Amino acid sequence: MEMNEMAGYEIFMLRVSSGNIINQVYIIVDSYTGKTAIVDPAWNMELIEAKLARLGAVPEMILLTHSHEDHVQLADPLARKFGVNVYMSRREADYYRFGCTNLHLLDDGATVWLGRTAITGLLTPGHTAGGMCYKLEGSLFTGDTAFIEGCGICNLPGGSPDDMFDSIQRIKRVADASVRVYPGHSFGEKPGQTLGHLLSNNVYFILENRDTFVKFRMRSNQSRLFHFQ
């Protein structure tokens, strides 16, 4: 559990998997009202429902950072079961023709409210055509745009290393160094590190030149898919 007492919400992290794909699912609970959001639900319905039950929480919304299966696989079943609204960026849904029950499309900068907690969608393409990060006071949910250790791959349909460079520069502009970053995957470091940590240790946040960034992200000699150095 992560608690942001000043901002008035709690974050609960769940590690879920399917085969060799491991994801982070997040549950956000507004401390004042108990209203609850789920970020990128996938793979393990029983685990998610068990956590909700232990919290005594009924989800109010689902936030999707992008449309890849490992981030959206349980969005429709959960929306049907609980009758909740599902949010995704308009550009992402339009580009990939994504649809699910109770889907609501967000434009860049749109804010939704979870009780007293404001959640603002930031359009951050690069990994996909319309990826969206969700910014709360003190927290940023980044999906596959930014990991603690690196950034998402940019060679899938709709991806772009140039867009990824712009998205990371935008995150650096709009978020304070104290903001805690919650990515969709972990590759060794615990989610919830500060942006300041990424600014000092994540090579994609350190690189300032576009051409250098693009060439490094798309280099052909990477030993592993998620080898970031």
# chains A, B, ... in the order shown; residues from 1 in each chain; ligands from 1

call {"tool": "select_by_dssp", "arguments": {"residues": "region 23-220 of chain A", "states": "strand (DSSP E)", "output": "mmCIF file with N, CA and C atoms, in the first residue's frame"}}
result
data_model
loop_
_atom_site.group_PDB
_atom_site.id
_atom_site.type_symbol
_atom_site.label_atom_id
_atom_site.label_comp_id
_atom_site.auth_asym_id
_atom_site.auth_seq_id
_atom_site.Cartn_x
_atom_site.Cartn_y
_atom_site.Cartn_z
ATOM 1 N N ASN A 23 2.452 -7.878 -15.009
ATOM 2 C CA ASN A 23 1.946 -6.507 -14.979
ATOM 3 C C ASN A 23 1.738 -6.020 -13.554
ATOM 4 N N GLN A 24 1.695 -4.711 -13.434
ATOM 5 C CA GLN A 24 1.263 -4.055 -12.204
ATOM 6 C C GLN A 24 -0.142 -3.503 -12.423
ATOM 7 N N VAL A 25 -1.056 -3.914 -11.568
ATOM 8 C CA VAL A 25 -2.407 -3.344 -11.537
ATOM 9 C C VAL A 25 -2.500 -2.493 -10.276
ATOM 10 N N TYR A 26 -3.119 -1.334 -10.393
ATOM 11 C CA TYR A 26 -3.211 -0.427 -9.246
ATOM 12 C C TYR A 26 -4.666 -0.173 -8.881
ATOM 13 N N ILE A 27 -4.915 -0.115 -7.587
ATOM 14 C CA ILE A 27 -6.215 0.274 -7.061
ATOM 15 C C ILE A 27 -6.021 1.572 -6.283
ATOM 16 N N ILE A 28 -6.777 2.594 -6.652
ATOM 17 C CA ILE A 28 -6.709 3.904 -5.996
ATOM 18 C C ILE A 28 -7.985 4.090 -5.191
ATOM 19 N N VAL A 29 -7.845 4.456 -3.929
ATOM 20 C CA VAL A 29 -9.006 4.663 -3.060
ATOM 21 C C VAL A 29 -8.973 6.090 -2.520
ATOM 22 N N ASP A 30 -10.002 6.853 -2.826
ATOM 23 C CA ASP A 30 -10.128 8.198 -2.273
ATOM 24 C C ASP A 30 -10.413 8.094 -0.778
ATOM 25 N N THR A 36 -13.347 4.262 -5.585
ATOM 26 C CA THR A 36 -12.207 3.449 -5.969
ATOM 27 C C THR A 36 -12.055 3.382 -7.483
ATOM 28 N N ALA A 37 -10.800 3.440 -7.942
ATOM 29 C CA ALA A 37 -10.475 3.280 -9.356
ATOM 30 C C ALA A 37 -9.485 2.138 -9.516
ATOM 31 N N ILE A 38 -9.540 1.482 -10.660
ATOM 32 C CA ILE A 38 -8.578 0.440 -11.006
ATOM 33 C C ILE A 38 -7.833 0.891 -12.252
ATOM 34 N N VAL A 39 -6.512 0.796 -12.220
ATOM 35 C CA VAL A 39 -5.687 1.176 -13.361
ATOM 36 C C VAL A 39 -5.193 -0.083 -14.069
ATOM 37 N N PRO A 59 -15.535 -0.637 -7.147
ATOM 38 C CA PRO A 59 -14.906 0.279 -8.100
ATOM 39 C C PRO A 59 -15.894 1.257 -8.710
ATOM 40 N N GLU A 60 -15.423 2.468 -8.872
ATOM 41 C CA GLU A 60 -16.221 3.524 -9.493
ATOM 42 C C GLU A 60 -15.783 3.767 -10.933
ATOM 43 N N MET A 61 -14.501 3.509 -11.237
ATOM 44 C CA MET A 61 -13.997 3.749 -12.580
ATOM 45 C C MET A 61 -12.797 2.863 -12.858
ATOM 46 N N ILE A 62 -12.523 2.685 -14.156
ATOM 47 C CA ILE A 62 -11.340 1.989 -14.629
ATOM 48 C C ILE A 62 -10.575 2.945 -15.534
ATOM 49 N N LEU A 63 -9.279 3.064 -15.300
ATOM 50 C CA LEU A 63 -8.422 3.941 -16.086
ATOM 51 C C LEU A 63 -7.488 3.079 -16.924
ATOM 52 N N ASN A 85 -17.596 3.142 -15.166
ATOM 53 C CA ASN A 85 -17.120 3.814 -16.362
ATOM 54 C C ASN A 85 -15.664 3.450 -16.619
ATOM 55 N N VAL A 86 -15.330 3.302 -17.889
ATOM 56 C CA VAL A 86 -13.964 2.995 -18.314
ATOM 57 C C VAL A 86 -13.444 4.190 -19.110
ATOM 58 N N TYR A 87 -12.226 4.620 -18.802
ATOM 59 C CA TYR A 87 -11.650 5.796 -19.453
ATOM 60 C C TYR A 87 -10.389 5.423 -20.231
ATOM 61 N N MET A 88 -10.275 5.999 -21.423
ATOM 62 C CA MET A 88 -9.103 5.828 -22.286
ATOM 63 C C MET A 88 -8.977 7.088 -23.130
ATOM 64 N N SER A 89 -7.788 7.353 -23.634
ATOM 65 C CA SER A 89 -7.636 8.526 -24.482
ATOM 66 C C SER A 89 -8.401 8.349 -25.786
ATOM 67 N N LEU A 103 -17.402 2.671 -22.126
ATOM 68 C CA LEU A 103 -16.164 3.377 -22.462
ATOM 69 C C LEU A 103 -16.425 4.875 -22.625
ATOM 70 N N HIS A 104 -15.583 5.673 -21.974
ATOM 71 C CA HIS A 104 -15.618 7.133 -22.102
ATOM 72 C C HIS A 104 -14.245 7.590 -22.591
ATOM 73 N N LEU A 105 -14.243 8.471 -23.586
ATOM 74 C CA LEU A 105 -13.000 8.889 -24.219
ATOM 75 C C LEU A 105 -12.549 10.238 -23.679
ATOM 76 N N LEU A 106 -11.257 10.320 -23.362
ATOM 77 C CA LEU A 106 -10.687 11.523 -22.766
ATOM 78 C C LEU A 106 -9.780 12.230 -23.758
ATOM 79 N N THR A 111 -9.934 16.119 -16.962
ATOM 80 C CA THR A 111 -9.874 15.711 -15.561
ATOM 81 C C THR A 111 -11.154 14.987 -15.183
ATOM 82 N N VAL A 112 -11.004 13.854 -14.516
ATOM 83 C CA VAL A 112 -12.134 13.150 -13.913
ATOM 84 C C VAL A 112 -11.906 13.152 -12.406
ATOM 85 N N TRP A 113 -12.994 13.001 -11.665
ATOM 86 C CA TRP A 113 -12.914 13.072 -10.203
ATOM 87 C C TRP A 113 -13.273 11.730 -9.586
ATOM 88 N N LEU A 114 -12.404 11.267 -8.725
ATOM 89 C CA LEU A 114 -12.655 10.077 -7.919
ATOM 90 C C LEU A 114 -12.907 10.581 -6.504
ATOM 91 N N THR A 117 -10.587 13.308 -5.286
ATOM 92 C CA THR A 117 -9.283 13.164 -5.931
ATOM 93 C C THR A 117 -9.390 13.483 -7.413
ATOM 94 N N ALA A 118 -8.663 14.504 -7.849
ATOM 95 C CA ALA A 118 -8.639 14.879 -9.260
ATOM 96 C C ALA A 118 -7.638 14.000 -10.004
ATOM 97 N N ILE A 119 -8.056 13.486 -11.157
ATOM 98 C CA ILE A 119 -7.207 12.648 -11.998
ATOM 99 C C ILE A 119 -7.197 13.258 -13.393
ATOM 100 N N THR A 120 -6.020 13.676 -13.851
ATOM 101 C CA THR A 120 -5.892 14.359 -15.138
ATOM 102 C C THR A 120 -5.183 13.459 -16.137
ATOM 103 N N GLY A 121 -5.772 13.315 -17.315
ATOM 104 C CA GLY A 121 -5.172 12.513 -18.366
ATOM 105 C C GLY A 121 -4.183 13.324 -19.183
ATOM 106 N N LEU A 122 -2.976 12.808 -19.322
ATOM 107 C CA LEU A 122 -1.932 13.450 -20.122
ATOM 108 C C LEU A 122 -1.641 12.572 -21.331
ATOM 109 N N LEU A 123 -1.858 13.081 -22.513
ATOM 110 C CA LEU A 123 -1.593 12.318 -23.723
ATOM 111 C C LEU A 123 -0.084 12.135 -23.881
ATOM 112 N N MET A 132 -1.876 7.276 -22.635
ATOM 113 C CA MET A 132 -2.229 8.345 -21.698
ATOM 114 C C MET A 132 -1.718 7.998 -20.315
ATOM 115 N N CYS A 133 -1.024 8.953 -19.685
ATOM 116 C CA CYS A 133 -0.656 8.848 -18.279
ATOM 117 C C CYS A 133 -1.736 9.535 -17.448
ATOM 118 N N TYR A 134 -1.866 9.112 -16.208
ATOM 119 C CA TYR A 134 -2.871 9.710 -15.319
ATOM 120 C C TYR A 134 -2.159 10.360 -14.142
ATOM 121 N N LYS A 135 -2.357 11.658 -14.020
ATOM 122 C CA LYS A 135 -1.655 12.458 -13.018
ATOM 123 C C LYS A 135 -2.583 12.813 -11.875
ATOM 124 N N LEU A 136 -2.182 12.444 -10.671
ATOM 125 C CA LEU A 136 -2.843 12.833 -9.433
ATOM 126 C C LEU A 136 -1.884 13.735 -8.674
ATOM 127 N N SER A 139 1.315 11.770 -7.683
ATOM 128 C CA SER A 139 1.476 10.458 -8.311
ATOM 129 C C SER A 139 1.248 10.549 -9.815
ATOM 130 N N LEU A 140 1.899 9.630 -10.550
ATOM 131 C CA LEU A 140 1.732 9.560 -11.997
ATOM 132 C C LEU A 140 1.712 8.095 -12.416
ATOM 133 N N PHE A 141 0.622 7.678 -13.063
ATOM 134 C CA PHE A 141 0.486 6.314 -13.555
ATOM 135 C C PHE A 141 0.837 6.326 -15.041
ATOM 136 N N THR A 142 1.897 5.600 -15.401
ATOM 137 C CA THR A 142 2.508 5.793 -16.707
ATOM 138 C C THR A 142 2.308 4.639 -17.687
ATOM 139 N N GLY A 143 1.667 3.551 -17.274
ATOM 140 C CA GLY A 143 1.479 2.445 -18.211
ATOM 141 C C GLY A 143 2.802 1.970 -18.769
ATOM 142 N N ARG A 180 5.575 10.512 -7.480
ATOM 143 C CA ARG A 180 5.922 9.086 -7.527
ATOM 144 C C ARG A 180 5.330 8.449 -8.785
ATOM 145 N N VAL A 181 6.147 7.638 -9.420
ATOM 146 C CA VAL A 181 5.820 7.080 -10.732
ATOM 147 C C VAL A 181 5.399 5.615 -10.580
ATOM 148 N N TYR A 182 4.235 5.285 -11.142
ATOM 149 C CA TYR A 182 3.681 3.933 -11.054
ATOM 150 C C TYR A 182 3.490 3.381 -12.469
ATOM 151 N N PRO A 183 4.448 2.581 -12.952
ATOM 152 C CA PRO A 183 4.385 2.052 -14.320
ATOM 153 C C PRO A 183 3.585 0.762 -14.410
ATOM 154 N N GLN A 193 8.851 4.884 -7.241
ATOM 155 C CA GLN A 193 10.027 5.734 -7.088
ATOM 156 C C GLN A 193 9.664 7.157 -7.526
ATOM 157 N N THR A 194 10.398 8.123 -7.036
ATOM 158 C CA THR A 194 10.120 9.503 -7.418
ATOM 159 C C THR A 194 10.595 9.785 -8.837
#

call {"tool": "select_by_dssp", "arguments": {"residues": "region 5-186 of chain A", "states": "helix (DSSP H, G or I)", "output": "ChimeraX atom specification"}}
result
/A:45-55,69-72,75-82,90-96,161-174

call {"tool": "closest_residue", "arguments": {"among": "A:Pro41, A:Gly130, A:Pro191, A:Gly138", "to": "Leu78 (chain A)", "atoms": "only C-alpha atoms"}}
result
A:Pro41

call {"tool": "closest_residue", "arguments": {"among": "A:Asn155, A:Val84, A:His197, A:Glu137", "to": "Ala175 (chain A)", "atoms": "only C-alpha atoms"}}
result
A:Glu137

call {"tool": "atom_distance", "arguments": {"atom1": "CA of Arg173 (chain A)", "atom2": "CA of Lys215 (chain A)"}}
result
22.6 Å

call {"tool": "atom_distance", "arguments": {"atom1": "CA of Ser200 (chain A)", "atom2": "CA of Met164 (chain A)"}}
result
18.4 Å

call {"tool": "atom_distance", "arguments": {"atom1": "CA of Met218 (chain A)", "atom2": "CA of Leu198 (chain A)"}}
result
20.0 Å

call {"tool": "closest_residue", "arguments": {"among": "A:Ala42, A:Ala146, A:Val214, A:Ala57", "to": "Arg170 (chain A)", "atoms": "only C-alpha atoms"}}
result
A:Ala146

call {"tool": "closest_residue", "arguments": {"among": "A:Ile148, A:Leu14, A:Ala110, A:Leu156", "to": "Gly192 (chain A)", "atoms": "only C-alpha atoms"}}
result
A:Ile148

call {"tool": "closest_residue", "arguments": {"among": "A:Cys100, A:Tyr95, A:Leu47, A:Ser186", "to": "Ala79 (chain A)", "atoms": "only C-alpha atoms"}}
result
A:Cys100
